[in-house]
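Below is input23.pdb, holding PDB, C-alpha atoms, pLDDT in the B column.
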ATOM      1  CA  MET A 445     120.733 -31.267 -75.556  1.00 41.00           C
ATOM      2  CA  ARG A 446     117.534 -29.357 -74.548  1.00 36.00           C
ATOM      3  CA  ARG A 447     117.116 -29.039 -70.810  1.00 37.00           C
ATOM      4  CA  GLN A 448     113.888 -30.504 -69.496  1.00 37.00           C
ATOM      5  CA  GLY A 449     111.776 -28.506 -67.109  1.00 35.00           C
ATOM      6  CA  LYS A 450     110.705 -29.722 -63.710  1.00 33.00           C
ATOM      7  CA  VAL A 451     107.596 -31.923 -63.791  1.00 30.00           C
ATOM      8  CA  GLU A 452     105.045 -31.369 -61.052  1.00 34.00           C
ATOM      9  CA  TYR A 453     102.389 -33.943 -60.099  1.00 32.00           C
ATOM     10  CA  SER A 454      98.983 -33.083 -58.671  1.00 37.00           C
ATOM     11  CA  GLN A 455      97.107 -35.206 -56.097  1.00 38.00           C
ATOM     12  CA  TYR A 456      95.059 -36.649 -58.927  1.00 34.00           C
ATOM     13  CA  HIS A 457      98.121 -38.023 -60.786  1.00 39.00           C
ATOM     14  CA  ARG A 458      99.872 -39.614 -57.797  1.00 42.00           C
ATOM     15  CA  PRO A 459      98.172 -43.074 -58.146  1.00 43.00           C
ATOM     16  CA  MET A 460      99.101 -43.166 -61.829  1.00 41.00           C
ATOM     17  CA  ARG A 461     102.684 -42.189 -60.973  1.00 41.00           C
ATOM     18  CA  TYR A 462     102.982 -45.011 -58.435  1.00 40.00           C
ATOM     19  CA  GLY A 463     101.564 -47.511 -60.931  1.00 44.00           C
ATOM     20  CA  VAL A 464     104.119 -46.491 -63.565  1.00 38.00           C
ATOM     21  CA  LEU A 465     106.881 -46.783 -60.990  1.00 39.00           C
ATOM     22  CA  LEU A 466     105.830 -50.314 -59.969  1.00 43.00           C
ATOM     23  CA  LEU A 467     105.591 -51.369 -63.601  1.00 40.00           C
ATOM     24  CA  THR A 468     109.077 -49.984 -64.291  1.00 43.00           C
ATOM     25  CA  LEU A 469     110.537 -51.865 -61.331  1.00 41.00           C
ATOM     26  CA  LEU A 470     108.877 -55.078 -62.487  1.00 41.00           C
ATOM     27  CA  LEU A 471     110.297 -54.720 -65.990  1.00 39.00           C
ATOM     28  CA  CYS A 472     113.779 -54.031 -64.589  1.00 42.00           C
ATOM     29  CA  PHE A 473     113.525 -57.146 -62.405  1.00 39.00           C
ATOM     30  CA  LEU A 474     112.429 -59.341 -65.294  1.00 38.00           C
ATOM     31  CA  SER A 475     115.161 -57.975 -67.545  1.00 41.00           C
ATOM     32  CA  GLY A 476     117.812 -58.543 -64.871  1.00 43.00           C
ATOM     33  CA  CYS A 477     116.707 -62.153 -64.466  1.00 40.00           C
ATOM     34  CA  GLY A 478     116.981 -62.788 -68.185  1.00 40.00           C
ATOM     35  CA  LEU A 479     113.223 -63.122 -68.688  1.00 36.00           C
ATOM     36  CA  LEU A 480     113.186 -60.200 -71.083  1.00 36.00           C
ATOM     37  CA  PRO A 481     115.619 -59.680 -73.965  1.00 38.00           C
ATOM     38  CA  ALA A 482     118.527 -57.376 -73.142  1.00 38.00           C
ATOM     39  CA  GLN A 483     118.460 -53.953 -74.749  1.00 36.00           C
ATOM     40  CA  THR A 484     121.030 -53.468 -77.468  1.00 37.00           C
ATOM     41  CA  THR A 485     122.616 -50.207 -78.483  1.00 37.00           C
ATOM     42  CA  ASN A 486     122.928 -49.176 -82.076  1.00 40.00           C
ATOM     43  CA  LYS A 487     126.657 -49.036 -82.861  1.00 38.00           C
ATOM     44  CA  ARG A 488     126.139 -45.889 -84.855  1.00 41.00           C
ATOM     45  CA  ASP A 489     124.675 -44.165 -81.817  1.00 40.00           C
ATOM     46  CA  ALA A 490     127.256 -45.493 -79.353  1.00 39.00           C
ATOM     47  CA  THR A 491     129.814 -43.023 -78.042  1.00 39.00           C
ATOM     48  CA  PRO A 492     133.341 -44.258 -78.827  1.00 42.00           C
ATOM     49  CA  GLN A 493     135.388 -45.082 -75.745  1.00 41.00           C
ATOM     50  CA  THR A 494     138.347 -42.872 -74.882  1.00 46.00           C
ATOM     51  CA  ARG A 495     141.685 -44.609 -75.499  1.00 65.00           C
ATOM     52  CA  HIS A 496     143.386 -45.420 -72.224  1.00 85.00           C
ATOM     53  CA  GLN A 497     146.239 -43.347 -70.854  1.00 93.00           C
ATOM     54  CA  LEU A 498     149.802 -44.593 -71.331  1.00 96.00           C
ATOM     55  CA  THR A 499     152.689 -43.982 -68.946  1.00 98.00           C
ATOM     56  CA  TYR A 500     156.115 -42.960 -70.173  1.00 98.00           C
ATOM     57  CA  VAL A 501     159.036 -43.015 -67.710  1.00 98.00           C
ATOM     58  CA  ALA A 502     162.380 -41.370 -68.512  1.00 98.00           C
ATOM     59  CA  ILE A 503     165.346 -42.734 -66.553  1.00 98.00           C
ATOM     60  CA  GLY A 504     168.418 -40.542 -66.743  1.00 98.00           C
ATOM     61  CA  ALA A 505     170.708 -37.881 -65.349  1.00 97.00           C
ATOM     62  CA  SER A 506     171.143 -34.123 -65.820  1.00 96.00           C
ATOM     63  CA  ASP A 507     170.684 -34.267 -69.588  1.00 94.00           C
ATOM     64  CA  THR A 508     167.315 -35.961 -69.055  1.00 96.00           C
ATOM     65  CA  PHE A 509     166.451 -33.443 -66.347  1.00 96.00           C
ATOM     66  CA  GLY A 510     167.142 -30.535 -68.707  1.00 95.00           C
ATOM     67  CA  PHE A 511     170.422 -28.900 -67.676  1.00 93.00           C
ATOM     68  CA  GLY A 512     171.660 -26.479 -70.315  1.00 92.00           C
ATOM     69  CA  SER A 513     168.267 -25.017 -71.187  1.00 91.00           C
ATOM     70  CA  SER A 514     166.745 -21.864 -69.714  1.00 90.00           C
ATOM     71  CA  ASP A 515     163.773 -23.809 -68.329  1.00 90.00           C
ATOM     72  CA  PRO A 516     164.915 -27.352 -67.438  1.00 88.00           C
ATOM     73  CA  TYR A 517     161.523 -28.525 -66.174  1.00 87.00           C
ATOM     74  CA  ASN A 518     159.885 -27.814 -69.513  1.00 90.00           C
ATOM     75  CA  GLN A 519     162.799 -27.753 -71.954  1.00 90.00           C
ATOM     76  CA  ASN A 520     164.320 -31.229 -72.008  1.00 96.00           C
ATOM     77  CA  TRP A 521     164.298 -33.998 -74.548  1.00 97.00           C
ATOM     78  CA  ALA A 522     161.991 -36.272 -72.511  1.00 98.00           C
ATOM     79  CA  THR A 523     159.321 -33.571 -72.352  1.00 97.00           C
ATOM     80  CA  ASP A 524     159.777 -32.869 -76.060  1.00 97.00           C
ATOM     81  CA  LEU A 525     159.436 -36.575 -76.832  1.00 98.00           C
ATOM     82  CA  ALA A 526     156.272 -36.843 -74.735  1.00 97.00           C
ATOM     83  CA  GLY A 527     154.859 -33.937 -76.715  1.00 96.00           C
ATOM     84  CA  LYS A 528     155.556 -35.752 -79.966  1.00 97.00           C
ATOM     85  CA  LEU A 529     153.985 -38.954 -78.644  1.00 97.00           C
ATOM     86  CA  GLY A 530     150.736 -37.116 -77.953  1.00 96.00           C
ATOM     87  CA  PRO A 531     148.275 -36.466 -75.113  1.00 95.00           C
ATOM     88  CA  ARG A 532     147.730 -40.177 -74.387  1.00 95.00           C
ATOM     89  CA  TYR A 533     151.176 -40.300 -72.783  1.00 96.00           C
ATOM     90  CA  HIS A 534     151.769 -39.222 -69.199  1.00 97.00           C
ATOM     91  CA  LEU A 535     155.451 -38.439 -68.622  1.00 98.00           C
ATOM     92  CA  ILE A 536     157.294 -39.231 -65.394  1.00 98.00           C
ATOM     93  CA  ASN A 537     160.731 -37.671 -65.776  1.00 98.00           C
ATOM     94  CA  LEU A 538     163.129 -39.284 -63.294  1.00 98.00           C
ATOM     95  CA  GLY A 539     166.250 -37.513 -64.550  1.00 97.00           C
ATOM     96  CA  ILE A 540     168.525 -36.639 -61.593  1.00 97.00           C
ATOM     97  CA  PRO A 541     171.711 -34.585 -62.081  1.00 96.00           C
ATOM     98  CA  SER A 542     175.012 -36.449 -61.492  1.00 96.00           C
ATOM     99  CA  MET A 543     173.216 -39.810 -61.492  1.00 98.00           C
ATOM    100  CA  HIS A 544     175.133 -43.010 -62.186  1.00 98.00           C
ATOM    101  CA  LEU A 545     173.510 -46.198 -63.416  1.00 98.00           C
ATOM    102  CA  HIS A 546     174.313 -48.127 -60.241  1.00 98.00           C
ATOM    103  CA  ASP A 547     172.668 -45.457 -58.075  1.00 98.00           C
ATOM    104  CA  ALA A 548     169.635 -45.381 -60.366  1.00 98.00           C
ATOM    105  CA  LEU A 549     168.924 -48.991 -59.399  1.00 98.00           C
ATOM    106  CA  THR A 550     167.949 -47.833 -55.913  1.00 98.00           C
ATOM    107  CA  SER A 551     166.704 -44.316 -56.624  1.00 98.00           C
ATOM    108  CA  GLU A 552     164.982 -44.169 -60.024  1.00 98.00           C
ATOM    109  CA  LEU A 553     164.172 -47.813 -60.767  1.00 98.00           C
ATOM    110  CA  PRO A 554     161.766 -48.343 -57.809  1.00 98.00           C
ATOM    111  CA  VAL A 555     159.724 -45.323 -58.909  1.00 98.00           C
ATOM    112  CA  ALA A 556     159.669 -46.608 -62.460  1.00 98.00           C
ATOM    113  CA  LEU A 557     158.470 -50.037 -61.330  1.00 98.00           C
ATOM    114  CA  ASP A 558     155.690 -48.514 -59.224  1.00 98.00           C
ATOM    115  CA  ALA A 559     154.494 -46.538 -62.253  1.00 98.00           C
ATOM    116  CA  HIS A 560     154.045 -49.721 -64.365  1.00 97.00           C
ATOM    117  CA  PRO A 561     155.102 -47.837 -67.506  1.00 98.00           C
ATOM    118  CA  ASP A 562     154.219 -48.681 -71.081  1.00 97.00           C
ATOM    119  CA  LEU A 563     157.342 -46.948 -72.381  1.00 98.00           C
ATOM    120  CA  VAL A 564     160.735 -46.413 -70.729  1.00 98.00           C
ATOM    121  CA  THR A 565     163.664 -44.446 -72.105  1.00 98.00           C
ATOM    122  CA  ILE A 566     167.129 -44.811 -70.589  1.00 98.00           C
ATOM    123  CA  TRP A 567     170.046 -42.458 -71.086  1.00 98.00           C
ATOM    124  CA  LEU A 568     172.566 -43.161 -68.340  1.00 98.00           C
ATOM    125  CA  ALA A 569     176.146 -43.584 -69.513  1.00 97.00           C
ATOM    126  CA  VAL A 570     178.017 -40.288 -69.793  1.00 97.00           C
ATOM    127  CA  ASN A 571     178.497 -39.805 -66.039  1.00 97.00           C
ATOM    128  CA  ASP A 572     179.656 -43.398 -65.612  1.00 98.00           C
ATOM    129  CA  LEU A 573     182.169 -43.059 -68.424  1.00 97.00           C
ATOM    130  CA  ALA A 574     183.436 -39.658 -67.258  1.00 96.00           C
ATOM    131  CA  ASP A 575     183.937 -40.959 -63.710  1.00 96.00           C
ATOM    132  CA  ASN A 576     185.774 -44.061 -64.923  1.00 96.00           C
ATOM    133  CA  VAL A 577     183.198 -46.619 -63.789  1.00 98.00           C
ATOM    134  CA  PRO A 578     184.527 -49.973 -65.052  1.00 98.00           C
ATOM    135  CA  VAL A 579     182.628 -51.002 -68.147  1.00 98.00           C
ATOM    136  CA  GLN A 580     182.112 -54.505 -66.701  1.00 98.00           C
ATOM    137  CA  SER A 581     180.348 -53.020 -63.654  1.00 98.00           C
ATOM    138  CA  TYR A 582     178.260 -50.812 -65.894  1.00 98.00           C
ATOM    139  CA  ALA A 583     177.281 -53.838 -67.986  1.00 98.00           C
ATOM    140  CA  ARG A 584     176.100 -55.792 -64.924  1.00 98.00           C
ATOM    141  CA  ASP A 585     174.041 -52.865 -63.652  1.00 98.00           C
ATOM    142  CA  LEU A 586     172.498 -52.257 -67.071  1.00 98.00           C
ATOM    143  CA  ASP A 587     171.527 -55.911 -67.349  1.00 98.00           C
ATOM    144  CA  MET A 588     169.902 -55.777 -63.909  1.00 98.00           C
ATOM    145  CA  LEU A 589     168.018 -52.585 -64.782  1.00 98.00           C
ATOM    146  CA  LEU A 590     166.587 -54.079 -67.959  1.00 98.00           C
ATOM    147  CA  GLN A 591     165.788 -57.404 -66.307  1.00 98.00           C
ATOM    148  CA  ARG A 592     163.786 -55.781 -63.528  1.00 98.00           C
ATOM    149  CA  LEU A 593     161.891 -53.490 -65.876  1.00 98.00           C
ATOM    150  CA  GLN A 594     160.886 -56.380 -68.120  1.00 98.00           C
ATOM    151  CA  ALA A 595     160.058 -58.702 -65.221  1.00 98.00           C
ATOM    152  CA  ASN A 596     157.752 -56.026 -63.835  1.00 97.00           C
ATOM    153  CA  ASN A 597     155.971 -55.672 -67.192  1.00 96.00           C
ATOM    154  CA  PRO A 598     156.928 -58.054 -70.015  1.00 97.00           C
ATOM    155  CA  GLN A 599     155.052 -55.845 -72.487  1.00 96.00           C
ATOM    156  CA  VAL A 600     156.983 -52.668 -71.691  1.00 97.00           C
ATOM    157  CA  HIS A 601     158.775 -50.947 -74.558  1.00 97.00           C
ATOM    158  CA  ILE A 602     162.291 -49.765 -73.710  1.00 98.00           C
ATOM    159  CA  ALA A 603     164.554 -47.435 -75.691  1.00 98.00           C
ATOM    160  CA  ILE A 604     168.133 -47.002 -74.536  1.00 98.00           C
ATOM    161  CA  ALA A 605     170.571 -44.385 -75.827  1.00 97.00           C
ATOM    162  CA  ASN A 606     174.311 -44.793 -76.086  1.00 97.00           C
ATOM    163  CA  VAL A 607     177.204 -42.323 -75.768  1.00 96.00           C
ATOM    164  CA  PRO A 608     177.675 -39.612 -78.407  1.00 95.00           C
ATOM    165  CA  ASP A 609     181.114 -38.446 -79.523  1.00 93.00           C
ATOM    166  CA  LEU A 610     182.269 -36.765 -76.331  1.00 94.00           C
ATOM    167  CA  THR A 611     185.482 -35.568 -77.987  1.00 92.00           C
ATOM    168  CA  LEU A 612     183.363 -32.877 -79.638  1.00 92.00           C
ATOM    169  CA  LEU A 613     182.236 -31.438 -76.307  1.00 93.00           C
ATOM    170  CA  PRO A 614     184.323 -28.588 -74.832  1.00 94.00           C
ATOM    171  CA  HIS A 615     183.883 -30.165 -71.394  1.00 94.00           C
ATOM    172  CA  PHE A 616     186.057 -33.101 -72.512  1.00 93.00           C
ATOM    173  CA  ALA A 617     188.540 -31.008 -74.523  1.00 90.00           C
ATOM    174  CA  LYS A 618     191.443 -31.387 -72.107  1.00 88.00           C
ATOM    175  CA  GLN A 619     190.922 -35.121 -71.738  1.00 87.00           C
ATOM    176  CA  ALA A 620     190.598 -35.543 -75.493  1.00 86.00           C
ATOM    177  CA  ALA A 621     193.739 -33.491 -76.113  1.00 89.00           C
ATOM    178  CA  ALA A 622     195.761 -35.411 -73.531  1.00 88.00           C
ATOM    179  CA  ASP A 623     194.810 -38.856 -74.797  1.00 89.00           C
ATOM    180  CA  PRO A 624     192.238 -38.849 -77.586  1.00 82.00           C
ATOM    181  CA  GLN A 625     192.578 -42.574 -78.182  1.00 93.00           C
ATOM    182  CA  ALA A 626     191.738 -43.427 -74.566  1.00 94.00           C
ATOM    183  CA  LEU A 627     188.503 -41.409 -74.653  1.00 94.00           C
ATOM    184  CA  GLN A 628     187.477 -42.898 -77.988  1.00 94.00           C
ATOM    185  CA  GLN A 629     188.173 -46.395 -76.676  1.00 96.00           C
ATOM    186  CA  SER A 630     186.044 -45.747 -73.582  1.00 97.00           C
ATOM    187  CA  ILE A 631     183.166 -44.508 -75.737  1.00 96.00           C
ATOM    188  CA  LEU A 632     183.466 -47.572 -77.968  1.00 97.00           C
ATOM    189  CA  ALA A 633     183.571 -49.936 -74.964  1.00 98.00           C
ATOM    190  CA  TYR A 634     180.456 -48.409 -73.413  1.00 98.00           C
ATOM    191  CA  ASN A 635     178.573 -48.354 -76.696  1.00 97.00           C
ATOM    192  CA  THR A 636     179.478 -51.987 -77.358  1.00 98.00           C
ATOM    193  CA  VAL A 637     178.023 -52.970 -73.972  1.00 98.00           C
ATOM    194  CA  ILE A 638     174.869 -50.902 -74.548  1.00 98.00           C
ATOM    195  CA  ALA A 639     174.325 -52.399 -78.014  1.00 97.00           C
ATOM    196  CA  ALA A 640     174.779 -55.929 -76.656  1.00 98.00           C
ATOM    197  CA  ALA A 641     172.284 -55.293 -73.851  1.00 98.00           C
ATOM    198  CA  ALA A 642     169.776 -53.862 -76.331  1.00 98.00           C
ATOM    199  CA  ARG A 643     170.038 -56.998 -78.471  1.00 98.00           C
ATOM    200  CA  GLN A 644     169.847 -59.382 -75.511  1.00 98.00           C
ATOM    201  CA  HIS A 645     166.780 -57.728 -74.011  1.00 98.00           C
ATOM    202  CA  HIS A 646     165.147 -56.853 -77.354  1.00 97.00           C
ATOM    203  CA  THR A 647     165.039 -53.146 -76.629  1.00 98.00           C
ATOM    204  CA  ILE A 648     165.276 -50.205 -79.013  1.00 97.00           C
ATOM    205  CA  LEU A 649     168.810 -48.826 -79.410  1.00 97.00           C
ATOM    206  CA  ILE A 650     169.085 -45.061 -79.850  1.00 96.00           C
ATOM    207  CA  ASP A 651     172.427 -44.591 -81.552  1.00 94.00           C
ATOM    208  CA  LEU A 652     173.699 -41.096 -80.795  1.00 93.00           C
ATOM    209  CA  SER A 653     177.110 -41.841 -82.276  1.00 82.00           C
ATOM    210  CA  GLN A 654     175.748 -41.427 -85.774  1.00 72.00           C
ATOM    211  CA  GLU A 655     175.351 -38.283 -87.811  1.00 70.00           C
ATOM    212  CA  ARG A 656     171.799 -37.611 -86.613  1.00 76.00           C
ATOM    213  CA  TYR A 657     173.320 -36.010 -83.496  1.00 86.00           C
ATOM    214  CA  ASP A 658     176.171 -34.331 -85.352  1.00 87.00           C
ATOM    215  CA  LEU A 659     177.800 -32.132 -82.742  1.00 88.00           C
ATOM    216  CA  GLN A 660     180.679 -31.266 -85.047  1.00 88.00           C
ATOM    217  CA  HIS A 661     178.480 -29.448 -87.546  1.00 91.00           C
ATOM    218  CA  HIS A 662     175.866 -28.283 -85.050  1.00 92.00           C
ATOM    219  CA  PRO A 663     177.619 -26.457 -82.206  1.00 92.00           C
ATOM    220  CA  GLU A 664     174.258 -24.847 -81.440  1.00 94.00           C
ATOM    221  CA  TYR A 665     173.272 -28.164 -79.852  1.00 94.00           C
ATOM    222  CA  ILE A 666     175.833 -27.593 -77.058  1.00 94.00           C
ATOM    223  CA  SER A 667     175.097 -25.210 -74.194  1.00 95.00           C
ATOM    224  CA  ASP A 668     177.518 -22.686 -72.700  1.00 95.00           C
ATOM    225  CA  ASP A 669     178.670 -25.187 -70.067  1.00 95.00           C
ATOM    226  CA  GLY A 670     180.261 -27.229 -72.842  1.00 94.00           C
ATOM    227  CA  LEU A 671     178.498 -30.423 -71.797  1.00 95.00           C
ATOM    228  CA  HIS A 672     174.709 -30.333 -71.770  1.00 95.00           C
ATOM    229  CA  PRO A 673     172.436 -29.778 -74.774  1.00 96.00           C
ATOM    230  CA  THR A 674     170.684 -26.523 -75.544  1.00 95.00           C
ATOM    231  CA  ARG A 675     166.990 -26.233 -76.250  1.00 95.00           C
ATOM    232  CA  LEU A 676     167.745 -27.010 -79.903  1.00 95.00           C
ATOM    233  CA  GLY A 677     169.897 -29.957 -78.856  1.00 95.00           C
ATOM    234  CA  TYR A 678     167.095 -31.366 -76.744  1.00 96.00           C
ATOM    235  CA  GLU A 679     164.637 -30.986 -79.606  1.00 96.00           C
ATOM    236  CA  GLN A 680     166.988 -32.910 -81.897  1.00 95.00           C
ATOM    237  CA  LEU A 681     167.425 -35.668 -79.301  1.00 96.00           C
ATOM    238  CA  ALA A 682     163.651 -35.975 -78.934  1.00 96.00           C
ATOM    239  CA  LEU A 683     163.327 -36.263 -82.716  1.00 96.00           C
ATOM    240  CA  ILE A 684     165.949 -39.037 -82.827  1.00 96.00           C
ATOM    241  CA  PHE A 685     164.135 -40.982 -80.090  1.00 97.00           C
ATOM    242  CA  TYR A 686     160.761 -40.429 -81.768  1.00 97.00           C
ATOM    243  CA  GLU A 687     161.913 -41.605 -85.200  1.00 95.00           C
ATOM    244  CA  ALA A 688     163.568 -44.673 -83.659  1.00 95.00           C
ATOM    245  CA  LEU A 689     160.282 -45.565 -81.972  1.00 96.00           C
ATOM    246  CA  GLN A 690     158.530 -45.119 -85.307  1.00 95.00           C
ATOM    247  CA  THR A 691     161.044 -47.343 -87.074  1.00 94.00           C
ATOM    248  CA  ALA A 692     160.524 -50.009 -84.411  1.00 93.00           C
ATOM    249  CA  LYS A 693     156.778 -49.730 -85.141  1.00 91.00           C
ATOM    250  CA  TYR A 694     156.004 -48.889 -81.544  1.00 88.00           C
ATOM    251  CA  ILE A 695     154.092 -45.794 -82.668  1.00 82.00           C
ATOM    252  CA  ASN A 696     152.321 -44.913 -85.899  1.00 65.00           C
TER
END

Could you quickly redo this structure as structure tokens?
Amino acid sequence: MRRQGKVEYSQYHRPMRYGVLLLTLLLCFLSGCGLLPAQTTNKRDATPQTRHQLTYVAIGASDTFGFGSSDPYNQNWATDLAGKLGPRYHLINLGIPSMHLHDALTSELPVALDAHPDLVTIWLAVNDLADNVPVQSYARDLDMLLQRLQANNPQVHIAIANVPDLTLLPHFAKQAAADPQALQQSILAYNTVIAAAARQHHTILIDLSQERYDLQHHPEYISDDGLHPTRLGYEQLALIFYEALQTAKYIN
């Protein structure tokens, strides 16, 4: 746009300037009162409005925070997922190391509710299972978490991930060797509860027990601590979440 120069008025043009000003004010008054037809804007010339910002909240523990990568704040699956979702999404990553679902009800959930998110992802199960939290207690807490999120915003989209095959993680090697059936049964019990909650609350289930997160054939997904994902593992997790959201037709 060409910049207009400053307009100077001489003594001779001041009366004319005042007359134009009074006429302009009169026309504005008449238009505001509905005495003159409102001005319409040609749709072709109208500037399209910017699409509103969306808030994405990630509820989780150390794997949501980014443990296992060289730069946890920037290299985690929630950040990778937000990148895939696009610039409209503002990420609030609430992942806290060692977090259990019951504790998240008083630490992470209030922040999530205050954010009034459009999208929430939940991955909180591995710590509960590893620390032998009774599956019935976990189920009650999960139900409360989902209830409060949906009561706060009935339109919120929620994706919840289950437990992958922990027997493939070196961190659980001793436990798996001592009683492999017990660990498998715990994983199955937790995943059954998570699937039931997803159906009851009409949320998106992210099934990490399937081959898409194949730890057996992709050891590069597991970091040196034998528990948390690597950068590549986080990228794969983000892809699984993203494709599940696509399948659910939440995103294009």

Nearby residues, (181.2, -43.8, -66.2) file frame, 12 Å, only C-alpha atoms, as a VMD selection string: chain A and resid 542 to 547 568 to 583 585 607 627 630 to 631 633 to 635

Protein, DNA and RNA residues within 10 Å of (155.0, -37.1, -81.0), only C-alpha atoms, as an NGL selection string: :A and (524-531 or 533 or 682-683 or 685-687 or 690 or 695-696)

Please produce a file of the residues just selected, as a short mmCIF file (atom, residue, chain, number, x, y, z; two decimals), in the frame of the given file, where the atoms kept are C-alpha atoms.
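The file below, result-v2.cif, is the result:
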data_model
loop_
_atom_site.label_atom_id
_atom_site.label_comp_id
_atom_site.auth_asym_id
_atom_site.auth_seq_id
_atom_site.Cartn_x
_atom_site.Cartn_y
_atom_site.Cartn_z
CA ASP A 524 159.78 -32.87 -76.06
CA LEU A 525 159.44 -36.58 -76.83
CA ALA A 526 156.27 -36.84 -74.74
CA GLY A 527 154.86 -33.94 -76.72
CA LYS A 528 155.56 -35.75 -79.97
CA LEU A 529 153.99 -38.95 -78.64
CA GLY A 530 150.74 -37.12 -77.95
CA PRO A 531 148.28 -36.47 -75.11
CA TYR A 533 151.18 -40.30 -72.78
CA ALA A 682 163.65 -35.98 -78.93
CA LEU A 683 163.33 -36.26 -82.72
CA PHE A 685 164.14 -40.98 -80.09
CA TYR A 686 160.76 -40.43 -81.77
CA GLU A 687 161.91 -41.60 -85.20
CA GLN A 690 158.53 -45.12 -85.31
CA ILE A 695 154.09 -45.79 -82.67
CA ASN A 696 152.32 -44.91 -85.90
#

Result set of the PyMOL selection byres ((chain A and resi 564) around 9) on the coordinates above, as a VMD selection string: chain A and resid 499 to 503 556 561 to 563 565 to 566 593 600 to 604

Polymer residues at most 9 Å from range 645-660 of chain A, all atoms listed in the file, same-chain spacing of 5 or more positions, as a list of chain:residue names: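 The neighbour list is A:Asp587, A:Leu590, A:Gln591, A:Gln594, A:His601, A:Ile602, A:Ala603, A:Ile604, A:Ala605, A:Asn606, A:Val607, A:Pro608, A:Asp609, A:Leu612, A:Leu613, A:Asn635, A:Ile638, A:Ala639, A:Ala640, A:Tyr665, A:Ile666, A:Gly677, A:Gln680, A:Leu681, A:Ile684, A:Phe685, A:Ala688, A:Leu689, A:Ala692.
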
Atom pair CA of Asn596 in chain A / CA of Leu557 in chain A: separation (Å): 6.5 Å

Counting only C-alpha atoms, the option among A:His672, A:Arg584, A:His496, A:Arg532 closest to Pro614 in chain A: A:His672
